[in-house]
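**Student:** Got data-v3.txt for you, compact mmCIF, C-alpha atoms and all ligand atoms:
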# COMPACT_ATOMS: atom_id res chain seq x y z
CA MET A 1 -257.88 24.81 52.35
CA LYS A 2 -255.21 22.25 51.52
CA LEU A 3 -252.07 23.69 49.93
CA LEU A 4 -252.63 21.34 46.97
CA THR A 5 -255.73 23.38 46.06
CA LEU A 6 -253.42 26.10 44.70
CA ASN A 7 -252.46 23.67 41.92
CA PHE A 8 -255.95 24.13 40.47
CA LEU A 9 -256.77 27.80 41.13
CA THR A 10 -256.31 31.00 39.17
CA CYS A 11 -257.44 34.58 39.56
CA ALA A 12 -261.26 34.69 39.37
CA ARG A 13 -261.30 37.76 37.10
CA LYS A 14 -262.25 37.07 33.51
CA THR A 15 -259.51 39.32 32.17
CA CYS A 16 -256.80 37.41 34.07
CA LYS A 17 -257.98 33.85 33.65
CA SER A 18 -256.12 32.79 30.53
CA LEU A 19 -252.92 34.73 31.32
CA PRO A 20 -249.88 32.78 32.59
CA ALA A 21 -249.18 35.47 35.22
CA ALA A 22 -252.49 34.68 36.97
CA PHE A 23 -251.24 31.20 37.92
CA PRO A 24 -250.29 30.17 40.48
CA LEU A 25 -251.74 32.58 43.02
CA HIS A 26 -249.08 33.80 45.44
CA PRO A 27 -249.64 33.21 49.15
CA ARG A 28 -248.81 36.25 51.32
CA GLU A 29 -248.74 36.49 55.11
CA ALA A 30 -249.98 32.94 55.08
CA GLU A 31 -250.51 31.02 58.26
CA LEU A 32 -250.16 27.30 57.60
CA GLU A 33 -251.20 24.32 59.64
CA GLN A 34 -250.37 20.66 59.42
CA VAL A 35 -253.01 18.08 60.15
CA GLU A 36 -251.80 14.52 59.89
CA THR A 37 -253.84 12.47 57.41
CA ASP A 38 -253.63 8.81 56.44
CA MET A 39 -251.06 8.08 53.79
CA ASN A 40 -252.64 7.14 50.46
CA ALA A 41 -249.74 6.14 48.22
CA ALA A 42 -252.01 5.62 45.20
CA LEU A 43 -253.31 9.16 45.58
CA ILE A 44 -249.83 10.69 45.61
CA LYS A 45 -248.76 8.55 42.66
CA ASN A 46 -251.83 9.43 40.61
CA ILE A 47 -251.84 13.15 41.34
CA LEU A 48 -248.21 13.52 40.23
CA PRO A 49 -249.20 13.72 36.54
CA ARG A 50 -251.74 16.41 37.49
CA LEU A 51 -249.30 18.64 39.32
CA GLU A 52 -248.11 21.84 37.71
CA TRP A 53 -244.66 21.20 39.10
CA ASP A 54 -243.13 24.62 38.46
CA ALA A 55 -246.15 26.32 40.02
CA MET A 56 -245.95 24.12 43.11
CA LYS A 57 -242.22 24.85 43.36
CA THR A 58 -242.94 28.58 43.23
CA VAL A 59 -245.58 28.30 45.95
CA THR A 60 -243.43 26.21 48.32
CA THR A 61 -240.44 28.53 47.85
CA GLU A 62 -242.59 31.60 48.54
CA LEU A 63 -243.91 29.95 51.70
CA GLY A 64 -240.40 29.15 52.88
CA LEU A 65 -241.11 25.42 52.82
CA PRO A 66 -238.37 22.88 51.95
CA ASN A 67 -237.54 23.06 48.25
CA LEU A 68 -239.14 20.54 45.94
CA PRO A 69 -236.96 18.47 43.61
CA ALA A 70 -236.18 20.18 40.29
CA GLU A 71 -238.36 17.79 38.30
CA THR A 72 -241.60 15.93 39.02
CA PRO A 73 -240.57 12.71 40.82
CA ALA A 74 -241.02 9.50 38.81
CA PRO A 75 -243.46 6.88 40.16
CA GLU A 76 -240.52 4.61 41.05
CA ASP A 77 -239.10 7.33 43.34
CA LEU A 78 -242.09 6.88 45.65
CA ALA A 79 -241.09 3.50 47.06
CA THR A 80 -237.79 2.13 48.35
CA ALA A 81 -236.21 -1.00 46.90
CA ASP A 82 -238.04 -3.13 49.50
CA GLY A 83 -241.42 -1.56 48.67
CA GLU A 84 -241.63 0.78 51.69
CA PRO A 85 -242.76 4.40 51.30
CA SER A 86 -239.74 6.47 50.27
CA GLN A 87 -238.75 9.78 51.85
CA THR A 88 -239.94 11.51 48.65
CA LEU A 89 -243.41 10.00 49.08
CA LYS A 90 -243.54 10.99 52.75
CA ASP A 91 -242.42 14.56 51.97
CA LEU A 92 -244.98 14.92 49.19
CA HIS A 93 -247.72 13.57 51.45
CA VAL A 94 -246.90 16.11 54.17
CA LEU A 95 -246.74 18.97 51.67
CA LEU A 96 -249.80 18.14 49.57
CA MET A 97 -252.21 16.35 51.91
CA ASP A 98 -251.29 17.49 55.42
CA THR A 99 -250.48 21.17 54.85
CA ALA A 100 -253.33 23.69 54.75
CA VAL A 101 -253.59 27.47 54.45
CA VAL A 102 -255.52 28.75 57.48
CA SER A 103 -255.32 32.48 56.88
CA GLY A 104 -253.59 35.09 54.79
CA LYS A 105 -253.94 36.28 51.22
CA LEU A 106 -253.68 34.76 47.77
CA VAL A 107 -252.40 37.34 45.33
CA CYS A 108 -252.84 37.39 41.56
CA GLY A 109 -249.53 37.91 39.77
CA ASN A 110 -251.28 39.73 36.94
CA CYS A 111 -253.76 42.20 38.46
CA GLY A 112 -252.50 42.18 42.04
CA HIS A 113 -255.92 41.42 43.49
CA GLU A 114 -255.72 39.88 46.96
CA TYR A 115 -258.08 37.06 47.88
CA ALA A 116 -258.42 36.71 51.63
CA VAL A 117 -258.26 33.37 53.43
CA LYS A 118 -259.94 33.27 56.82
CA GLU A 119 -260.37 30.22 59.02
CA GLY A 120 -259.34 28.00 56.14
CA ILE A 121 -261.90 29.42 53.69
CA ALA A 122 -260.58 31.41 50.72
CA ASN A 123 -262.89 34.13 49.43
CA PHE A 124 -262.96 34.48 45.63
CA LEU A 125 -266.03 36.70 45.40
CA LEU A 126 -265.30 39.90 43.51
CA PRO A 127 -267.00 43.26 43.80
CA SER A 128 -269.25 43.68 40.75
CA HIS A 129 -267.01 46.28 39.03
CA MET A 130 -264.12 43.77 38.97
CA VAL A 131 -265.91 40.76 37.53
CA MET B 1 -277.93 1.59 50.02
CA LEU B 2 -275.07 3.96 50.80
CA PRO B 3 -275.58 6.05 53.93
CA THR B 4 -276.69 9.65 53.30
CA PRO B 5 -274.30 12.14 54.95
CA ARG B 6 -275.52 13.56 58.25
CA THR B 7 -276.45 17.23 58.26
CA ALA B 8 -277.89 17.71 61.77
CA HIS B 9 -275.30 20.46 62.43
CA VAL B 10 -276.48 22.62 59.48
CA ASP B 11 -278.41 25.83 60.23
CA TYR B 12 -281.26 25.92 57.72
CA ASP B 13 -282.06 29.56 58.46
CA ARG B 14 -278.85 30.38 56.63
CA ILE B 15 -278.17 27.42 54.36
CA TYR B 16 -280.22 25.58 51.73
CA GLU B 17 -281.68 22.42 53.25
CA PRO B 18 -281.04 19.17 51.36
CA ALA B 19 -284.20 18.26 49.45
CA GLU B 20 -285.41 16.00 46.67
CA ASP B 21 -283.01 17.68 44.22
CA SER B 22 -279.94 16.95 46.39
CA TYR B 23 -281.05 13.33 46.83
CA LEU B 24 -281.56 12.90 43.08
CA LEU B 25 -277.95 13.92 42.55
CA LEU B 26 -276.82 11.35 45.17
CA ASP B 27 -279.00 8.69 43.56
CA THR B 28 -277.42 9.46 40.18
CA LEU B 29 -273.86 9.07 41.44
CA ALA B 30 -274.74 5.76 43.10
CA LYS B 31 -276.57 4.40 40.04
CA ARG B 32 -275.06 1.41 38.29
CA SER B 33 -275.05 3.08 34.87
CA GLU B 34 -273.23 6.19 36.12
CA ARG B 35 -270.70 4.19 38.13
CA ASP B 36 -269.95 2.16 34.99
CA PHE B 37 -269.62 5.35 32.97
CA LEU B 38 -267.30 7.02 35.50
CA ARG B 39 -265.18 3.91 36.08
CA LYS B 40 -264.63 3.54 32.37
CA ARG B 41 -263.78 7.21 32.01
CA PHE B 42 -261.40 7.32 34.99
CA PRO B 43 -259.84 3.84 35.10
CA ARG B 44 -257.71 2.91 38.09
CA ASN B 45 -254.14 4.15 37.76
CA SER B 46 -255.15 6.96 35.43
CA PRO B 47 -254.50 10.40 36.97
CA SER B 48 -256.65 11.04 40.06
CA PRO B 49 -260.00 12.60 39.16
CA VAL B 50 -260.78 16.04 40.58
CA VAL B 51 -264.45 16.44 41.55
CA LEU B 52 -265.84 19.94 42.01
CA GLU B 53 -269.22 20.58 43.57
CA ILE B 54 -270.50 24.02 42.65
CA GLY B 55 -272.85 25.50 45.26
CA THR B 56 -272.42 22.95 48.04
CA GLY B 57 -275.05 24.32 50.42
CA SER B 58 -275.06 21.86 53.36
CA GLY B 59 -272.36 19.79 51.65
CA VAL B 60 -274.46 16.65 51.40
CA VAL B 61 -273.42 15.96 47.78
CA LEU B 62 -269.74 16.85 48.31
CA ALA B 63 -269.66 14.61 51.40
CA PHE B 64 -271.35 11.76 49.54
CA ALA B 65 -268.90 11.97 46.62
CA THR B 66 -265.93 12.09 49.02
CA ALA B 67 -267.01 9.38 51.45
CA HIS B 68 -268.24 7.00 48.73
CA ALA B 69 -265.55 7.70 46.12
CA ASN B 70 -264.58 4.04 46.13
CA HIS B 71 -268.12 2.90 45.44
CA ILE B 72 -268.70 5.50 42.73
CA PHE B 73 -265.33 5.55 40.95
CA GLY B 74 -263.95 2.15 41.98
CA ARG B 75 -260.93 3.98 43.45
CA SER B 76 -260.35 6.12 46.51
CA ASP B 77 -257.59 8.33 45.08
CA VAL B 78 -260.17 10.98 44.20
CA LEU B 79 -259.82 14.68 45.08
CA THR B 80 -262.92 16.70 45.89
CA ILE B 81 -263.52 20.40 46.37
CA GLY B 82 -266.54 22.66 46.80
CA THR B 83 -267.59 26.24 46.16
CA ASP B 84 -270.45 28.32 47.54
CA VAL B 85 -271.21 32.03 47.62
CA ASN B 86 -272.38 31.58 51.18
CA PRO B 87 -269.54 31.45 53.74
CA PHE B 88 -271.82 29.72 56.27
CA ALA B 89 -272.39 26.96 53.71
CA CYS B 90 -268.62 26.53 53.18
CA VAL B 91 -268.07 25.95 56.88
CA ALA B 92 -271.07 23.63 57.23
CA ALA B 93 -270.12 21.66 54.10
CA LEU B 94 -266.62 20.96 55.40
CA ARG B 95 -268.15 19.66 58.63
CA THR B 96 -270.55 17.44 56.66
CA VAL B 97 -267.62 16.02 54.69
CA GLU B 98 -265.61 15.43 57.86
CA LEU B 99 -268.46 13.52 59.52
CA ALA B 100 -269.19 11.39 56.44
CA VAL B 101 -265.50 10.54 55.96
CA SER B 102 -265.02 9.54 59.59
CA GLU B 103 -268.19 7.42 59.45
CA ALA B 104 -266.91 5.65 56.32
CA ASN B 105 -263.48 5.14 57.90
CA THR B 106 -265.12 3.64 61.00
CA ALA B 107 -266.92 1.22 58.69
CA GLY B 108 -263.55 0.29 57.21
CA THR B 109 -264.04 2.07 53.86
CA SER B 110 -261.26 4.13 52.29
CA THR B 111 -262.51 7.51 51.12
CA GLY B 112 -261.65 10.27 48.69
CA PHE B 113 -259.77 13.35 49.82
CA CYS B 114 -261.47 16.73 50.22
CA LEU B 115 -259.22 19.74 49.57
CA GLY B 116 -261.61 22.35 50.94
CA CYS B 117 -264.52 24.59 50.15
CA LEU B 118 -264.08 28.03 48.58
CA GLU B 119 -266.30 31.07 48.82
CA ALA B 120 -266.79 31.70 45.11
CA ASP B 121 -269.20 32.52 42.33
CA LEU B 122 -269.74 29.18 40.53
CA ALA B 123 -266.38 27.87 39.23
CA THR B 124 -264.72 31.26 38.60
CA PRO B 125 -261.43 30.51 40.47
CA PHE B 126 -260.80 27.34 38.46
CA GLY B 127 -258.78 27.49 35.30
CA GLY B 128 -256.61 25.38 33.08
CA HIS B 129 -259.15 22.60 32.59
CA ALA B 130 -258.51 21.41 36.14
CA VAL B 131 -261.87 19.76 36.84
CA ASP B 132 -262.80 16.22 35.80
CA VAL B 133 -266.26 15.95 37.33
CA ALA B 134 -268.46 18.97 38.03
CA LEU B 135 -271.61 18.53 40.13
CA PHE B 136 -274.18 21.30 40.18
CA ASN B 137 -277.54 21.58 41.89
CA PRO B 138 -278.27 25.12 40.69
CA PRO B 139 -280.82 27.67 41.75
CA TYR B 140 -283.38 26.52 39.17
CA VAL B 141 -286.67 28.05 40.29
CA PRO B 142 -287.92 30.62 37.76
CA THR B 143 -287.91 34.03 39.47
CA GLU B 144 -288.14 37.60 38.26
CA MET B 145 -284.51 38.20 39.03
CA VAL B 146 -281.38 36.67 40.51
CA PRO B 147 -280.23 38.48 43.67
CA THR B 148 -276.84 40.18 43.33
CA ALA B 149 -273.93 38.11 44.57
CA PRO B 150 -272.51 39.30 47.87
CA GLY B 151 -269.15 40.55 46.53
CA ASP B 152 -269.82 43.99 47.98
CA SER B 153 -271.00 43.82 51.56
CA SER B 154 -273.43 46.60 50.71
CA VAL B 155 -276.36 44.72 52.19
CA ALA B 156 -277.17 46.40 55.46
CA THR B 157 -278.19 44.07 58.27
CA PRO B 158 -277.00 40.53 58.99
CA PHE B 159 -280.60 39.38 58.59
CA GLU B 160 -280.85 40.91 55.10
CA ARG B 161 -277.53 39.41 54.20
CA GLU B 162 -278.63 35.93 55.31
CA SER B 163 -281.93 36.18 53.42
CA GLN B 164 -280.04 37.25 50.33
CA LEU B 165 -277.65 34.30 50.63
CA LEU B 166 -280.55 31.90 51.02
CA ALA B 167 -282.37 33.44 48.02
CA LEU B 168 -279.20 32.94 45.96
CA SER B 169 -279.52 29.21 46.58
CA TYR B 170 -282.83 28.85 44.73
CA ALA B 171 -283.63 31.96 42.62
CA GLY B 172 -282.85 31.03 39.02
CA GLY B 173 -284.12 34.10 37.15
CA VAL B 174 -285.73 33.78 33.69
CA ASP B 175 -286.78 30.13 33.05
CA GLY B 176 -284.77 29.33 36.16
CA MET B 177 -281.79 29.14 33.80
CA GLU B 178 -279.85 32.37 34.35
CA VAL B 179 -277.33 30.85 36.76
CA THR B 180 -277.14 27.49 34.96
CA ASN B 181 -276.47 29.24 31.65
CA ARG B 182 -273.57 31.10 33.22
CA LEU B 183 -272.14 27.79 34.41
CA LEU B 184 -272.66 26.16 30.99
CA ASP B 185 -270.57 28.99 29.55
CA GLN B 186 -267.79 28.25 32.07
CA LEU B 187 -267.71 24.46 31.48
CA PRO B 188 -265.38 24.40 28.43
CA GLY B 189 -262.80 26.41 30.40
CA ILE B 190 -262.88 24.38 33.60
CA LEU B 191 -263.46 20.79 32.44
CA SER B 192 -260.50 18.61 31.51
CA ARG B 193 -260.33 16.53 28.35
CA ARG B 194 -261.98 13.73 30.38
CA GLY B 195 -264.47 16.20 31.84
CA VAL B 196 -268.06 15.39 32.81
CA ALA B 197 -270.72 17.56 34.43
CA TYR B 198 -273.90 16.49 36.21
CA ILE B 199 -276.44 19.29 36.37
CA LEU B 200 -279.83 19.19 38.01
CA LEU B 201 -282.72 20.77 36.11
CA CYS B 202 -286.43 21.13 36.73
CA ALA B 203 -289.16 20.71 34.10
CA GLN B 204 -289.47 24.49 33.54
CA ASN B 205 -285.78 24.57 32.57
CA LYS B 206 -286.72 22.38 29.55
CA PRO B 207 -283.96 19.76 29.99
CA ALA B 208 -284.60 18.02 26.65
CA ALA B 209 -284.27 21.33 24.78
CA ILE B 210 -281.02 22.15 26.60
CA ALA B 211 -279.61 18.70 25.76
CA ARG B 212 -280.56 19.23 22.11
CA ARG B 213 -278.97 22.69 22.09
CA ILE B 214 -275.67 21.28 23.41
CA ASN B 215 -275.70 18.27 21.08
CA ASP B 216 -276.42 20.48 18.05
CA ALA B 217 -273.86 23.12 18.96
CA SER B 218 -270.71 21.01 18.61
CA ASP B 219 -269.38 17.52 17.98
CA ASP B 220 -267.06 17.86 20.97
CA TRP B 221 -269.79 17.75 23.61
CA VAL B 222 -272.64 15.36 24.34
CA ALA B 223 -275.57 15.92 26.71
CA GLN B 224 -278.07 13.35 27.91
CA VAL B 225 -280.71 13.15 30.65
CA VAL B 226 -279.50 10.27 32.85
CA ASN B 227 -281.89 10.37 35.82
CA SER B 228 -285.18 11.92 36.85
CA SER B 229 -287.77 11.94 39.60
CA GLY B 230 -291.21 13.15 40.64
CA LYS B 231 -293.41 12.30 37.67
CA THR B 232 -296.46 14.58 37.54
CA ALA B 233 -298.91 14.35 34.62
CA GLY B 234 -296.31 12.63 32.45
CA TRP B 235 -293.62 15.24 33.15
CA GLU B 236 -290.51 14.52 35.17
CA ARG B 237 -290.33 17.25 37.78
CA LEU B 238 -286.55 17.02 38.21
CA SER B 239 -283.87 15.63 35.90
CA ILE B 240 -280.13 15.20 35.88
CA LEU B 241 -278.36 16.23 32.71
CA ARG B 242 -274.96 14.65 32.07
CA ILE B 243 -272.71 16.72 29.79
CA TRP B 244 -269.37 15.35 28.68
CA ARG B 245 -266.56 15.85 26.21
CA THR B 246 -266.36 13.22 23.50
ZN ZN C 301 -255.98 38.78 38.47
Starting from the coordinates I provided, produce the structure as structure tokens.
Ligand SMILES: [Zn+2]
**Tutor:**
Amino acid sequence: MKLLTLNFLTCARKTCKSLPAAFPLHPREAELEQVETDMNAALIKNILPRLEWDAMKTVTTELGLPNLPAETPAPEDLATADGEPSQTLKDLHVLLMDTAVVSGKLVCGNCGHEYAVKEGIANFLLPSHMV
Amino acid sequence: MLPTPRTAHVDYDRIYEPAEDSYLLLDTLAKRSERDFLRKRFPRNSPSPVVLEIGTGSGVVLAFATAHANHIFGRSDVLTIGTDVNPFACVAALRTVELAVSEANTAGTSTGFCLGCLEADLATPFGGHAVDVALFNPPYVPTEMVPTAPGDSSVATPFERESQLLALSYAGGVDGMEVTNRLLDQLPGILSRRGVAYILLCAQNKPAAIARRINDASDDWVAQVVNSSGKTAGWERLSILRIWRT
């Protein structure tokens, strides 16, 4: 599961869903891997407006990854003056497209439920009494 | 004709085999009218669309949407993601996506980007109106009951567990609509302001009545049958319902 997925996920419990504390889920004991993928500058540029920047900052800090800039980068920060990919673009590409969670847990900040990740597949199924 | 993703690696004792319903969903996404609709709704340089396939099974639809994003959306900066209650399906679906993407890349086509496949009940881990396009080929066969989802691993033997997972992929309960109705309830919470869902229905699900129910319920949502197949005695056996926010 790509790290970027966490930008879209919340706790699966109905009672948590709409609560701010249920997002983002907090990775614990996470094993990460990096698989190099082709750079798609348009993809990075066009997902920026979809990123919950503070949530992504929380997740990267908790994972001990390099800190993200304080604010969402502007589209013009993604290329250098001569039109080459900027360092910001390269860093975002590595973080969002290349980095994946292989194993560990994703923990809800509201109810504390731990969703296991095994072999890159996160399990969001809940026992019936918790749905 | 766009190539259909290869699924030779999928174990059909454990995972729903792609059938007419899956292919109708592929046909719908490749159709001129739907491509026009989606391209207008997600114009180039607007934020990247997020496509969620609910209940991937073999992954044939997820792989098709990922590998042919450029043909469908007119842009390749498309994110895709899948869910299935069956962990075997999640693994197989990711493999199907990988094969289809590498085949498209070999042919020189740029593809969408798949984030992964989650073991989940429908779209329950998605919140905050994150999804732009939801694709759902539900268990639509009318059955007496829907098997319980495998949240508890209370089912005894591996064989029983596998049969239960396979039954979950087709058993639709009353009118074949129990699972689809649960997803319809989730749609307003998961779909973005640009959100669209494509849902496969069979004749017993009464697609026209469902479309009417949605259209009558609110001015914010529109539903329309946009594709169908398998005409028997004047009835379309399978249809695709498109539901979108106005
Ligand atoms: Zn929770």
**Student:** List as an MDAnalysis selection string the protein and nucleic acid residues lying within 12 Å of ligand ZN 301 (chain C), with all atoms listed in the file counted.
**Tutor:** (chainID A and resid 9:26 106:115 124 126 130:131) or (chainID B and resid 124:125)
**Student:** Need the shell around segment 79-84 of chain B: protein/DNA/RNA residues with any atom at most 9 Å away, counting only C-alpha atoms. Skip same-chain ones fewer than 3 positions apart. Format as number ranges by chain?
**Tutor:** A: 5, 43, 47; B: 48-57, 59, 62-63, 65-66, 76, 87-90, 93-94, 112-123
**Student:** May I ask which of the residues A:Leu96, A:Met56, A:Leu125, A:Val101 is the closest one to Glu29 of chain A, counting all atoms listed in the file?
**Tutor:**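 Answer, going by the shortest atom-to-atom distance: A:Val101.
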**Student:** Rank A:Ala81, A:Leu89, A:Ala42, A:Leu32 by their smallest atom-to-atom distance to chain B, using all atoms listed in the file, and report the top residue only.
**Tutor:**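 Among A:Ala81, A:Leu89, A:Ala42, A:Leu32, it is A:Ala42 that comes nearest to chain B.
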**Student:** In the coordinate frame of the file, compute which residues have an atom within 12 Å of (-239.5, 21.8, 45.1) when using only C-alpha atoms, and state them as a list in words.
**Tutor:**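 With a cut-off of 12 Å, the residues come to Leu51, Glu52, Trp53, Asp54, Ala55, Met56, Lys57, Thr58, Val59, Thr60, Thr61, Glu62, Leu63, Gly64, Leu65, Pro66, Asn67, Leu68, Pro69, Ala70, Glu71, Thr72, Pro73, Thr88, Asp91, Leu92, Leu95 and Leu96 of chain A.
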**Student:** What does the structure give for the distance between atom CA of Glu31 of chain A and atom CA of Met97 of chain A, in Å to one decimal?
**Tutor:**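 Distance between the two atoms: 16.1 Å.
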**Student:** Could you state the separation of atom CA of Asn205 of chain B and atom CA of Val60 of chain B in Å, given to one decimal place?
**Tutor:**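 Atom-to-atom, atom CA of Asn205 of chain B and atom CA of Val60 of chain B are spaced 23.4 Å apart.
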**Student:** Counting all atoms listed in the file, which residues have an atom no more than 12 Å from (-251.7, 16.6, 60.6) in the file's coordinates? Please list them as a PyMOL selection string.
**Tutor:** chain A and resi 2+32-39+93-100
**Student:** Pick the closest to chain A from B:Arg95, B:Arg182, B:Arg161, B:Arg75: which is it, counting all atoms listed in the file?
**Tutor:** B:Arg75
**Student:** If I take atom CA of Val102 of chain A and atom CA of Ser22 of chain B, how far is one from the other in Å, to one decimal?
**Tutor:**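 Atom-to-atom, atom CA of Val102 of chain A and atom CA of Ser22 of chain B are spaced 29.3 Å apart.
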**Student:** Would you mind listing what lies within 8 Å of Ala116 of chain A as a PyMOL selection string, with all atoms listed in the file counted and same-chain residues fewer than 5 positions away left out?
**Tutor:** chain A and resi 103-106+122-124
